[in-house]
Amino acid sequence: MINNDNSKNLQQAVQEARAQQQALLIEGSGSKAFYGNTPAATENSRVLSTGEHQGIINYEPKELVITARSGTPLHELQAVLAEQQQMLAFKPPLFSSGDQQATLGGTIACGFSGPRRPYAGSARDFVLGSRIINGEAEILHFGGEVMKNVAGYDVSRLMVGALGTLGVLLDISLKVLPLPEAEQTQVLECSVQEAISRMNQWAGSPLPLSAACYDGALLYIRLSGAPSAVTSGARRIGGDSLDDSQSFWQSIRELQHGFFKNDKPLWRLAVPADSPAIELPGKQLIDWGGAQRWYIADKQNKDNSYESLYKTIADIGGHVTLFKGAIDAGVFHPLPESLLAIHRRLKQAFDPQGIFNPGRMYREL
Amino acid sequence: MNKSELSNKLKHFLPAAAIISETEALRPYECDGLPAYRKMPLLAVLPQTVEQLQQVVKLCYQENIPVVARGAATGLSGGALPLENAVLLGLSRFNKILDINPLARTARVQPGVRNLAISEAAARHGLYYAPDPSSQIACTIGGNVAENSGGVHCLKYGLTVHNVLELKVVTPEGELVTFGSAALDSAGFDLLALMNGSEGMLGIVVEVLVKLLPKPERAQVLLAAFDDVEKAADSVGEIIAEGIIPAGLEMMDALAIQAAEDFVHAGYPRDAKAILLCEVDGTNEEVSEHSKRVYDVLTAYGASEVRTARDEAERLRFWQGRKSAFPAVGRLSPDYYCMDGTVPRKQLGTVLTRISQLSEHYQLPVANVFHAGDGNLHPLILYDANTPGELKRAEDFGAEILELSVEVGGTITGEHGVGHEKIHHMCVQFSEAELEQFRRLKVAFDPHGLLNPGKVIPQPKHCSEYRTIGSGSHTHSASCSH
Ligand SMILES: Cc1cc2nc3c(=O)[nH]c(=O)nc-3n(C[C@H](O)[C@H](O)[C@H](O)COP(=O)(O)OP(=O)(O)OC[C@H]3O[C@@H](n4cnc5c(N)ncnc54)[C@H](O)[C@@H]3O)c2cc1C
């Protein structure tokens with residue numbers, strides 16, 4: 001594994017960008033270039049790659065903590081954890097292909113979490129600390145490597161999902177957990193209403209759930225934990241046991257399941273887990289025990305107006321992301337003015353000159 | 001604007017009973033759970049509706065009057081300590097559970113609802129709210145959010161930040177905003193995460209949507225006695241290495257054991273130098289399996305005795321001893337001072353040894369009760385404020401413990417917050433550039449600096465003074481009236 005501290009060079013690049021009023025488009029390996037708005041690329045912008053800033057700085061299995069540089073390939077990091085029977089419990093998608101191997105920094109900046117998310121927690125839940133470069137080209141350290149830390153504001157968690165608009169992530173400390181001893185997936189045939197109500201009911205009873213998804217015909221429930229708990233849980237759930245549980249969940253996590261094989265835009269609807277089936281023209285796949293609904297519309301709106309989709313989802317307490325696919329719509333759910341004002345001021349607080357990824361999240365940031 | 005003018009303006013939208021301005025009536029509000037620091041507020045107000053609260057905040061904004069929020073005032077860092085020129089905003093009347101949704105496993109509550117009341121209300125659905133500070137019968141969910149509070153079950157189930165989905169917050173301008181959502185995330189920056197642990201500095205929490213968890217089928221607690229503190233500390237990492245994440249993993253030393261025994265008769269072995277309480281939970285079979293493995297580890301790593309709670313009553317008694325440890329130790333001495341550093345687990349033994357040396361040096365006894373699984377220490381320094389010089393000695397002792405925590409790679413506060421108390425030690429943990437980033441973040445939420453000003457983030461001149469005085473001879477700034 002490469003061990004290379006590139007933070008001084010990165011800091012220098014930010015200093016230069018500041019001096020020359022340049023925008024920096026931060027990139028790990030480019031595996032998530034599809035995500036977010038197209039940055040407001042001006043002549044005066046350049047790519048800042050964290051790809052060479054690699055390596056594990058500290059890993060002590062008994063402390064349940066790993067600290068690694070942002071350019072560390074995620075699959076390498078996960079392999080190191082697996083050797084010690086540990087894992088990143090939010091099991092993020094990689095979306096890697098060829099040279100574009102997902103990095104830790106990109107994953108955290110996007111705030112991605114896989115199917116385990118509703119039961120184990122999200123990427124931000126596992127972040128304990130970080131070292132960043134802010135828009136003043138200062139290297140700052142927040143949080144740490146301990147499980148509990150409330151000294152100062154939780155800047156490390158603020159960075160998760162901020163798409164690099166507040167700073168360059170250098171190093172990240174994450175809580176890790178033991179790999180489950182046993183895992184098993186049960187498959188049942190049922191209607192969408194039944195699927196939603198079962199996912200929620202089971203999540204409210206003491207079963208070792210670790211994933212729940214409905215593909216339009218079949219309900220998939222994964223159990224993880226002590227072998228005895230998994231076996232007795234599977235018995236309670238019923239249905240048939242799935243042969244290749246691992247590759248099924250991988251296909252859901254990496255968006256490679258048949259449902260996703262499509263050129264149309266892919267929408268992500270984050271909604272309260274118990275929301276009934278959402279009537280929309282097109283098809284849906286339900287993950288996260290009901291809380292994440294992938295949506296592919298029948299056809300593109302002619303006038304490119306997605307107001308009614310935003311409204312339908314906001315009315316049930318959720319929000320919409322245009323996850324993949326280029327259409328002329330903002331990628332992220334529009335924010336009310338009161339929240340947008342706080343966002344603008346936060347951007348100002350971290351990146352007063354607007355150097356980092358301008359427009360990647362919201363046009364104003 | 002003086003006190004009576006302000007009070008008159010408040011009467012336009014608050015009933016007279018909700019405005020407290022008489023000195024004697026204000027007395028109960030002069031401190032929080034850290035009574036070494038006391039101050040009288042300008043006024044205390046106790047609104048009952050969000051609209052009233054917004055009006056209070058708007059008026060203060062117009063008149064440039066600071067606002068200090070207060071939940072149950074069980075905080076241990078002076079976070080809710082009043083300021084002489086500020087309105088103390090009491091949230092005790094926001095005490096309603098608005099909704100419990102058993103299917104979605106959420107509870108929507110007002111900020112003044114007590115932590116334990118949520119679990120009590122959820123119990124009939126087989127659900128509970130996981131973070132359980134030892135103060136849970138009294139502390140409020142609003143205070144929990146503001147401190148990102150933990151409890152004995154946080155190693156497995158997370159802190160407040162992991163168990164809150166959505167917050168309604170009143171901004172310093174008096175506007176009502178929502179952070180987070182009833183879904184698992186929300187658009188934009190993670191302002192929800194930022195609010196957790198923000199100590200009343202970024203906004204006033206007026207509604208909280210919390211996550212509820214199913215009660216585990218079974219929970220079992222093992223009590224292990226050790227004749228050596230370091231051995232007990234070392235066995236903590238070994239349990240983790242076994243691949244088990246206990247639901248709770250707590251440690252107490254000899255002084256704490258005896259105090260708890262005298263106070264609640266928990267059935268602890270009085271002659272032990274340390275005990276570990278290790279709870280495993282899950283399905284019936286899983287608990288049997290894990291209890292056995294934990295038992296083996298504890299025995300292998302030198303426990304002189306390992307007991308398994310015989311029944312639910314004994315399990316609860318074991319925990320009661322732990323949860324009442326602060327008041328129990330409080331009976332041993334006129335005053336105690338509770339520290340809250342967190343260190344990497346592997347440093348527990350070293351740090352405990354160092355603390356006992358410091359205890360001799362400062363001639364003040366110390367009892368240790370803490371969240372061993374998280375590495376979160378709570379040394380309780382015993383002192384008598386009426387003996388001249390003892391408070392100062394206790395503070396200096398505490399300061400050394402905090403610096404030690406930072407030195408071994410930890411933090412000055414794991415769950416009690418910085419508040420007023422640890423503001424100087426922020427200068428030890430953070431560089432000036434980091435502190436300046438915190439200040440700019442605060443401005444993004446509170447441009448006029450009206451929410452809980454002067455807490456948590458030190459001013460540059462504080463740090464330069466503190467750093468020149470140097471470790472071991474700390475003096476608090478003249479503004480602290482003891
Ligand atoms: C015996 C004892 C045991 C304890 N055990 C634990 C423990 O195990 N774990 C733990 O984490 N803590 C523990 N604590 C500390 C304390 O109980 C927690 O910090 C608790 O969360 C404080 O809640 P409160 O309602 O009393 O808040 P307060 O003390 O009233 O306020 C705390 C802070 O929150 C702010 N605040 C309060 N309400 C709001 C609101 N609605 N909006 C914005 N800001 C607000 C205040 O301004 C202040 O800064 C213990 C305290 C005692 C006395």
# chains A, B, ... in the order shown; residues from 1 in each chain; ligands from 1
>>> interface_residues(of="chain A", to="chain B", cutoff="6 Å", atoms="only C-alpha atoms", output="compact mmCIF listing (two decimals) with N, CA and C atoms, in the first residue's frame")
# COMPACT_ATOMS: atom_id res chain seq x y z
N LYS A 62 -8.06 -2.80 18.28
CA LYS A 62 -8.69 -2.79 19.61
C LYS A 62 -9.30 -1.44 19.95
N LEU A 140 -6.22 22.38 9.33
CA LEU A 140 -6.92 22.37 10.61
C LEU A 140 -7.32 20.95 10.98
N VAL A 146 -10.79 9.38 19.24
CA VAL A 146 -11.52 8.77 20.36
C VAL A 146 -13.01 8.72 20.03
N MET A 147 -13.70 7.83 20.74
CA MET A 147 -15.11 7.55 20.45
C MET A 147 -16.02 8.73 20.75
N LYS A 148 -15.65 9.52 21.74
CA LYS A 148 -16.53 10.61 22.16
C LYS A 148 -15.69 11.87 22.28
N ASN A 149 -16.21 12.94 21.71
CA ASN A 149 -15.44 14.16 21.69
C ASN A 149 -16.38 15.32 21.42
N VAL A 150 -16.63 16.14 22.41
CA VAL A 150 -17.54 17.26 22.17
C VAL A 150 -16.83 18.60 22.36
N ALA A 151 -15.51 18.61 22.19
CA ALA A 151 -14.78 19.88 22.32
C ALA A 151 -14.92 20.67 21.02
N TYR A 153 -17.21 22.75 17.90
CA TYR A 153 -18.28 22.31 17.00
C TYR A 153 -17.81 21.11 16.19
N ASP A 154 -18.78 20.32 15.76
CA ASP A 154 -18.47 19.06 15.09
C ASP A 154 -18.19 19.30 13.60
N LEU A 158 -19.64 17.90 9.69
CA LEU A 158 -20.15 18.88 8.73
C LEU A 158 -19.55 18.65 7.35
N ALA A 162 -20.65 17.39 2.20
CA ALA A 162 -20.55 18.79 1.78
C ALA A 162 -19.90 18.90 0.40
N PRO A 178 -16.56 -4.78 14.27
CA PRO A 178 -16.24 -6.16 13.88
C PRO A 178 -17.15 -6.63 12.73
N ASN A 200 -40.84 -2.19 8.13
CA ASN A 200 -40.91 -1.31 9.30
C ASN A 200 -41.22 -2.09 10.58
N GLY A 204 -38.79 -2.75 14.01
CA GLY A 204 -39.22 -2.38 15.35
C GLY A 204 -39.24 -3.55 16.32
N SER A 205 -38.79 -4.70 15.87
CA SER A 205 -38.72 -5.83 16.79
C SER A 205 -37.27 -6.30 16.87
N PRO A 206 -36.93 -6.99 17.93
CA PRO A 206 -35.51 -7.30 18.15
C PRO A 206 -34.97 -8.37 17.22
N ALA A 226 -24.47 -12.82 15.44
CA ALA A 226 -24.10 -14.13 15.95
C ALA A 226 -24.89 -15.19 15.18
N SER A 228 -26.35 -17.88 15.92
CA SER A 228 -27.62 -18.31 16.52
C SER A 228 -28.71 -17.26 16.31
N ALA A 229 -28.31 -15.98 16.40
CA ALA A 229 -29.30 -14.91 16.25
C ALA A 229 -29.78 -14.83 14.80
N ALA A 270 -35.33 10.32 -0.71
CA ALA A 270 -35.12 9.97 0.70
C ALA A 270 -36.38 10.35 1.45
N VAL A 271 -37.05 9.37 2.02
CA VAL A 271 -38.36 9.61 2.65
C VAL A 271 -38.44 8.90 4.00
N PRO A 272 -39.38 9.29 4.85
CA PRO A 272 -39.56 8.53 6.08
C PRO A 272 -39.82 7.06 5.74
N ASP A 274 -41.58 4.72 6.78
CA ASP A 274 -42.93 4.14 6.75
C ASP A 274 -43.83 4.79 5.70
N GLY A 317 -42.32 14.61 3.79
CA GLY A 317 -41.21 14.76 4.74
C GLY A 317 -39.87 14.34 4.19
N GLY A 318 -39.74 14.20 2.87
CA GLY A 318 -38.48 13.75 2.31
C GLY A 318 -37.83 14.78 1.41
N HIS A 333 -32.26 18.92 -3.85
CA HIS A 333 -33.56 19.51 -3.52
C HIS A 333 -33.37 21.00 -3.17
N ARG A 345 -23.61 31.58 4.50
CA ARG A 345 -22.71 32.13 5.53
C ARG A 345 -21.70 31.08 5.98
N LEU A 346 -22.10 29.81 5.99
CA LEU A 346 -21.13 28.76 6.34
C LEU A 346 -20.04 28.67 5.29
N ALA A 349 -17.72 31.24 5.89
CA ALA A 349 -16.89 30.99 7.07
C ALA A 349 -15.71 30.07 6.75
>>> residues_around(residues="Gly174 in chain B", least_positions_apart="6", cutoff="6 Å", atoms="only C-alpha atoms", output="list in words")
Gln54, Val57 and Lys58 of chain B
>>> residues_near_ligand(ligand="ligand 1", cutoff="7 Å", atoms="only C-alpha atoms and all ligand atoms", output="PDB file with N, CA and C atoms, in the first residue's frame")
ATOM      1  N   ASP B  32     -25.763  25.840  37.094  1.00  0.00           N
ATOM      2  CA  ASP B  32     -26.266  24.545  36.606  1.00  0.00           C
ATOM      3  C   ASP B  32     -25.697  23.433  37.489  1.00  0.00           C
ATOM      4  N   GLY B  33     -25.380  22.270  36.926  1.00  0.00           N
ATOM      5  CA  GLY B  33     -24.886  21.151  37.723  1.00  0.00           C
ATOM      6  C   GLY B  33     -23.445  21.322  38.181  1.00  0.00           C
ATOM      7  N   VAL B  68     -29.325  32.971  27.031  1.00  0.00           N
ATOM      8  CA  VAL B  68     -28.737  31.701  27.464  1.00  0.00           C
ATOM      9  C   VAL B  68     -29.871  30.696  27.652  1.00  0.00           C
ATOM     10  N   ALA B  69     -29.834  29.599  26.904  1.00  0.00           N
ATOM     11  CA  ALA B  69     -30.875  28.574  27.037  1.00  0.00           C
ATOM     12  C   ALA B  69     -30.580  27.701  28.242  1.00  0.00           C
ATOM     13  N   ARG B  70     -31.645  27.188  28.827  1.00  0.00           N
ATOM     14  CA  ARG B  70     -31.487  26.327  29.989  1.00  0.00           C
ATOM     15  C   ARG B  70     -32.529  25.219  29.929  1.00  0.00           C
ATOM     16  N   GLY B  71     -32.055  23.974  30.032  1.00  0.00           N
ATOM     17  CA  GLY B  71     -32.968  22.838  30.092  1.00  0.00           C
ATOM     18  C   GLY B  71     -33.224  22.526  31.552  1.00  0.00           C
ATOM     19  N   ALA B  72     -32.700  21.386  32.032  1.00  0.00           N
ATOM     20  CA  ALA B  72     -32.886  21.017  33.429  1.00  0.00           C
ATOM     21  C   ALA B  72     -31.703  21.462  34.285  1.00  0.00           C
ATOM     22  N   ALA B  73     -30.717  22.085  33.658  1.00  0.00           N
ATOM     23  CA  ALA B  73     -29.523  22.568  34.372  1.00  0.00           C
ATOM     24  C   ALA B  73     -28.771  21.454  35.102  1.00  0.00           C
ATOM     25  N   THR B  74     -28.740  20.285  34.513  1.00  0.00           N
ATOM     26  CA  THR B  74     -27.904  19.215  35.077  1.00  0.00           C
ATOM     27  C   THR B  74     -26.520  19.235  34.428  1.00  0.00           C
ATOM     28  N   GLY B  75     -26.324  20.135  33.483  1.00  0.00           N
ATOM     29  CA  GLY B  75     -25.044  20.225  32.768  1.00  0.00           C
ATOM     30  C   GLY B  75     -23.881  20.387  33.731  1.00  0.00           C
ATOM     31  N   LEU B  76     -22.741  19.802  33.376  1.00  0.00           N
ATOM     32  CA  LEU B  76     -21.608  19.772  34.302  1.00  0.00           C
ATOM     33  C   LEU B  76     -20.447  20.657  33.860  1.00  0.00           C
ATOM     34  N   GLY B  79     -22.545  25.263  31.084  1.00  0.00           N
ATOM     35  CA  GLY B  79     -23.101  25.678  29.798  1.00  0.00           C
ATOM     36  C   GLY B  79     -24.313  26.575  29.971  1.00  0.00           C
ATOM     37  N   ALA B  80     -25.140  26.257  30.956  1.00  0.00           N
ATOM     38  CA  ALA B  80     -26.349  27.042  31.203  1.00  0.00           C
ATOM     39  C   ALA B  80     -26.122  28.088  32.294  1.00  0.00           C
ATOM     40  N   LEU B  91     -36.516  26.329  29.325  1.00  0.00           N
ATOM     41  CA  LEU B  91     -37.325  25.544  28.385  1.00  0.00           C
ATOM     42  C   LEU B  91     -38.162  24.488  29.094  1.00  0.00           C
ATOM     43  N   PRO B 111     -38.447  20.230  23.615  1.00  0.00           N
ATOM     44  CA  PRO B 111     -37.074  20.154  24.135  1.00  0.00           C
ATOM     45  C   PRO B 111     -36.983  19.960  25.639  1.00  0.00           C
ATOM     46  N   GLY B 112     -38.045  20.337  26.379  1.00  0.00           N
ATOM     47  CA  GLY B 112     -37.976  20.217  27.831  1.00  0.00           C
ATOM     48  C   GLY B 112     -38.395  18.849  28.347  1.00  0.00           C
ATOM     49  N   ASP B 132     -28.611   7.111  27.207  1.00  0.00           N
ATOM     50  CA  ASP B 132     -29.121   7.137  28.577  1.00  0.00           C
ATOM     51  C   ASP B 132     -28.120   7.725  29.558  1.00  0.00           C
ATOM     52  N   PRO B 133     -27.973   9.067  29.542  1.00  0.00           N
ATOM     53  CA  PRO B 133     -27.079   9.672  30.535  1.00  0.00           C
ATOM     54  C   PRO B 133     -27.515   9.267  31.941  1.00  0.00           C
ATOM     55  N   SER B 134     -26.559   9.213  32.853  1.00  0.00           N
ATOM     56  CA  SER B 134     -26.911   8.822  34.224  1.00  0.00           C
ATOM     57  C   SER B 134     -27.899   9.808  34.832  1.00  0.00           C
ATOM     58  N   SER B 135     -27.960  10.997  34.271  1.00  0.00           N
ATOM     59  CA  SER B 135     -28.883  12.022  34.765  1.00  0.00           C
ATOM     60  C   SER B 135     -30.245  11.913  34.091  1.00  0.00           C
ATOM     61  N   GLN B 136     -30.532  10.783  33.462  1.00  0.00           N
ATOM     62  CA  GLN B 136     -31.692  10.708  32.570  1.00  0.00           C
ATOM     63  C   GLN B 136     -33.040  10.944  33.234  1.00  0.00           C
ATOM     64  N   ALA B 138     -33.649  13.384  35.049  1.00  0.00           N
ATOM     65  CA  ALA B 138     -33.825  14.830  35.157  1.00  0.00           C
ATOM     66  C   ALA B 138     -33.500  15.595  33.884  1.00  0.00           C
ATOM     67  N   CYS B 139     -32.460  15.208  33.166  1.00  0.00           N
ATOM     68  CA  CYS B 139     -31.984  16.053  32.063  1.00  0.00           C
ATOM     69  C   CYS B 139     -32.967  16.028  30.903  1.00  0.00           C
ATOM     70  N   THR B 140     -32.942  17.093  30.098  1.00  0.00           N
ATOM     71  CA  THR B 140     -33.916  17.228  29.008  1.00  0.00           C
ATOM     72  C   THR B 140     -33.290  16.845  27.671  1.00  0.00           C
ATOM     73  N   ILE B 141     -34.147  16.526  26.739  1.00  0.00           N
ATOM     74  CA  ILE B 141     -33.661  16.150  25.408  1.00  0.00           C
ATOM     75  C   ILE B 141     -33.009  17.361  24.722  1.00  0.00           C
ATOM     76  N   GLY B 142     -33.522  18.556  24.989  1.00  0.00           N
ATOM     77  CA  GLY B 142     -32.904  19.764  24.419  1.00  0.00           C
ATOM     78  C   GLY B 142     -31.466  19.925  24.911  1.00  0.00           C
ATOM     79  N   GLY B 143     -31.277  19.703  26.202  1.00  0.00           N
ATOM     80  CA  GLY B 143     -29.928  19.747  26.775  1.00  0.00           C
ATOM     81  C   GLY B 143     -29.059  18.636  26.211  1.00  0.00           C
ATOM     82  N   ASN B 144     -29.641  17.460  26.018  1.00  0.00           N
ATOM     83  CA  ASN B 144     -28.897  16.326  25.442  1.00  0.00           C
ATOM     84  C   ASN B 144     -28.379  16.667  24.051  1.00  0.00           C
ATOM     85  N   VAL B 145     -29.248  17.282  23.243  1.00  0.00           N
ATOM     86  CA  VAL B 145     -28.823  17.667  21.891  1.00  0.00           C
ATOM     87  C   VAL B 145     -27.704  18.705  21.986  1.00  0.00           C
ATOM     88  N   ALA B 146     -27.912  19.690  22.863  1.00  0.00           N
ATOM     89  CA  ALA B 146     -26.927  20.768  22.971  1.00  0.00           C
ATOM     90  C   ALA B 146     -25.562  20.245  23.414  1.00  0.00           C
ATOM     91  N   GLU B 147     -25.546  19.164  24.204  1.00  0.00           N
ATOM     92  CA  GLU B 147     -24.273  18.614  24.686  1.00  0.00           C
ATOM     93  C   GLU B 147     -23.826  17.380  23.901  1.00  0.00           C
ATOM     94  N   ASN B 148     -24.652  16.883  23.000  1.00  0.00           N
ATOM     95  CA  ASN B 148     -24.398  15.587  22.364  1.00  0.00           C
ATOM     96  C   ASN B 148     -24.104  14.543  23.447  1.00  0.00           C
ATOM     97  N   SER B 149     -25.017  14.415  24.371  1.00  0.00           N
ATOM     98  CA  SER B 149     -24.813  13.575  25.549  1.00  0.00           C
ATOM     99  C   SER B 149     -24.706  12.101  25.212  1.00  0.00           C
ATOM    100  N   GLY B 150     -23.980  11.421  26.060  1.00  0.00           N
ATOM    101  CA  GLY B 150     -23.844   9.975  25.937  1.00  0.00           C
ATOM    102  C   GLY B 150     -24.470   9.307  27.142  1.00  0.00           C
ATOM    103  N   GLY B 151     -24.227   8.032  27.260  1.00  0.00           N
ATOM    104  CA  GLY B 151     -24.750   7.284  28.402  1.00  0.00           C
ATOM    105  C   GLY B 151     -24.011   5.978  28.487  1.00  0.00           C
ATOM    106  N   VAL B 152     -24.504   5.083  29.316  1.00  0.00           N
ATOM    107  CA  VAL B 152     -23.756   3.835  29.479  1.00  0.00           C
ATOM    108  C   VAL B 152     -23.947   2.902  28.285  1.00  0.00           C
ATOM    109  N   GLU B 199     -23.983  23.397  22.269  1.00  0.00           N
ATOM    110  CA  GLU B 199     -24.045  24.063  23.579  1.00  0.00           C
ATOM    111  C   GLU B 199     -24.815  25.385  23.578  1.00  0.00           C
ATOM    112  N   GLY B 200     -25.923  25.396  22.859  1.00  0.00           N
ATOM    113  CA  GLY B 200     -26.779  26.587  22.899  1.00  0.00           C
ATOM    114  C   GLY B 200     -26.166  27.808  22.238  1.00  0.00           C
ATOM    115  N   GLY B 203     -28.269  28.014  18.032  1.00  0.00           N
ATOM    116  CA  GLY B 203     -29.718  28.142  17.864  1.00  0.00           C
ATOM    117  C   GLY B 203     -30.415  27.548  19.081  1.00  0.00           C
ATOM    118  N   ILE B 204     -31.709  27.865  19.221  1.00  0.00           N
ATOM    119  CA  ILE B 204     -32.487  27.300  20.334  1.00  0.00           C
ATOM    120  C   ILE B 204     -33.319  26.147  19.776  1.00  0.00           C
ATOM    121  N   VAL B 205     -33.127  24.969  20.344  1.00  0.00           N
ATOM    122  CA  VAL B 205     -33.861  23.793  19.883  1.00  0.00           C
ATOM    123  C   VAL B 205     -35.276  23.835  20.465  1.00  0.00           C
ATOM    124  N   VAL B 206     -36.285  23.805  19.595  1.00  0.00           N
ATOM    125  CA  VAL B 206     -37.661  23.861  20.107  1.00  0.00           C
ATOM    126  C   VAL B 206     -38.475  22.603  19.803  1.00  0.00           C
ATOM    127  N   PHE B 326     -22.333   9.258  40.922  1.00  0.00           N
ATOM    128  CA  PHE B 326     -21.968  10.663  41.190  1.00  0.00           C
ATOM    129  C   PHE B 326     -22.546  11.128  42.526  1.00  0.00           C
ATOM    130  N   PRO B 327     -23.875  11.019  42.687  1.00  0.00           N
ATOM    131  CA  PRO B 327     -24.401  11.428  43.995  1.00  0.00           C
ATOM    132  C   PRO B 327     -23.825  10.603  45.155  1.00  0.00           C
ATOM    133  N   GLU B 415     -18.342  14.215  26.764  1.00  0.00           N
ATOM    134  CA  GLU B 415     -19.798  14.349  26.708  1.00  0.00           C
ATOM    135  C   GLU B 415     -20.362  15.493  27.541  1.00  0.00           C
ATOM    136  N   HIS B 416     -19.603  16.069  28.420  1.00  0.00           N
ATOM    137  CA  HIS B 416     -20.180  17.112  29.282  1.00  0.00           C
ATOM    138  C   HIS B 416     -20.087  18.513  28.687  1.00  0.00           C
ATOM    139  N   GLY B 419     -18.549  24.462  27.763  1.00  0.00           N
ATOM    140  CA  GLY B 419     -19.291  25.431  28.571  1.00  0.00           C
ATOM    141  C   GLY B 419     -18.438  26.600  29.001  1.00  0.00           C
ATOM    142  N   ASN B 452     -25.591  32.475  24.017  1.00  0.00           N
ATOM    143  CA  ASN B 452     -24.622  31.945  24.990  1.00  0.00           C
ATOM    144  C   ASN B 452     -23.207  32.500  24.772  1.00  0.00           C
TER     145      ASN B 452
END
>>> residues_around(residues="Ile139 in chain A", least_positions_apart="3", cutoff="12 Å", atoms="only C-alpha atoms", output="PyMOL selection string")
(chain A and resi 7-12+14-15+130-136+142+167-171+350) or (chain B and resi 430-434+437)
>>> write_last_selection(atoms="C-alpha atoms", output="PDB file, in the first residue's frame")
ATOM      1  CA  SER A   7      -0.592  17.578   2.435  1.00  0.00           C
ATOM      2  CA  LYS A   8       2.089  20.241   1.995  1.00  0.00           C
ATOM      3  CA  ASN A   9       1.664  20.193  -1.782  1.00  0.00           C
ATOM      4  CA  LEU A  10      -2.081  20.339  -1.466  1.00  0.00           C
ATOM      5  CA  GLN A  11      -1.806  23.236   0.917  1.00  0.00           C
ATOM      6  CA  GLN A  12       0.482  25.032  -1.483  1.00  0.00           C
ATOM      7  CA  VAL A  14      -4.700  26.092  -2.240  1.00  0.00           C
ATOM      8  CA  GLN A  15      -2.414  28.999  -1.425  1.00  0.00           C
ATOM      9  CA  SER A 130     -10.600  14.961  10.211  1.00  0.00           C
ATOM     10  CA  ARG A 131      -7.792  17.159   9.039  1.00  0.00           C
ATOM     11  CA  ILE A 132      -8.774  19.639   6.361  1.00  0.00           C
ATOM     12  CA  ILE A 133      -7.467  22.584   4.376  1.00  0.00           C
ATOM     13  CA  ASN A 134      -9.853  25.515   4.540  1.00  0.00           C
ATOM     14  CA  GLY A 135     -10.187  28.346   2.052  1.00  0.00           C
ATOM     15  CA  GLU A 136      -7.487  30.311   3.849  1.00  0.00           C
ATOM     16  CA  PHE A 142     -11.065  18.655  14.259  1.00  0.00           C
ATOM     17  CA  GLY A 167     -12.556  22.426   2.397  1.00  0.00           C
ATOM     18  CA  VAL A 168     -10.144  19.790   1.160  1.00  0.00           C
ATOM     19  CA  LEU A 169     -10.278  16.635   3.235  1.00  0.00           C
ATOM     20  CA  LEU A 170      -6.773  15.468   4.116  1.00  0.00           C
ATOM     21  CA  ASP A 171      -7.113  12.711   6.707  1.00  0.00           C
ATOM     22  CA  PHE A 350     -14.825  28.186   5.535  1.00  0.00           C
TER      23      PHE A 350
ATOM     24  CA  PHE B 430      -6.842  23.587  19.396  1.00  0.00           C
ATOM     25  CA  SER B 431      -4.547  25.917  17.507  1.00  0.00           C
ATOM     26  CA  GLU B 432      -5.443  29.557  17.086  1.00  0.00           C
ATOM     27  CA  ALA B 433      -6.376  28.902  13.430  1.00  0.00           C
ATOM     28  CA  GLU B 434      -8.769  26.143  14.511  1.00  0.00           C
ATOM     29  CA  GLN B 437     -12.534  28.662  12.318  1.00  0.00           C
TER      30      GLN B 437
END
>>> atom_distance(atom1="CA of Ser241 in chain A", atom2="CA of Tyr295 in chain A")
27.1 Å
>>> closest_residue(among="A:Asn6, A:Asn37, A:Ala277, A:Leu340", to="Gly55 in chain A", atoms="only C-alpha atoms")
A:Asn6
>>> atom_distance(atom1="CA of Leu165 in chain B", atom2="CA of Leu335 in chain A")
17.7 Å
>>> decode(residues="range 267-271 of chain A", atoms="N, CA, C and O atoms", output="tab-separated table (two decimals), in the first residue's frame")
chain	number	residue	atom	x	y	z
A	267	TRP	N	-33.34	9.02	-10.02
A	267	TRP	CA	-33.64	9.90	-8.89
A	267	TRP	C	-33.54	9.12	-7.59
A	267	TRP	O	-33.92	7.96	-7.52
A	268	ARG	N	-33.06	9.80	-6.58
A	268	ARG	CA	-33.05	9.21	-5.24
A	268	ARG	C	-34.06	9.97	-4.39
A	268	ARG	O	-33.98	11.20	-4.27
A	269	LEU	N	-35.02	9.25	-3.84
A	269	LEU	CA	-36.03	9.87	-2.99
A	269	LEU	C	-35.77	9.40	-1.56
A	269	LEU	O	-35.91	8.21	-1.26
A	270	ALA	N	-35.33	10.32	-0.71
A	270	ALA	CA	-35.12	9.97	0.70
A	270	ALA	C	-36.38	10.35	1.45
A	270	ALA	O	-36.77	11.53	1.44
A	271	VAL	N	-37.05	9.37	2.02
A	271	VAL	CA	-38.36	9.61	2.65
A	271	VAL	C	-38.44	8.90	4.00
A	271	VAL	O	-37.63	8.01	4.27
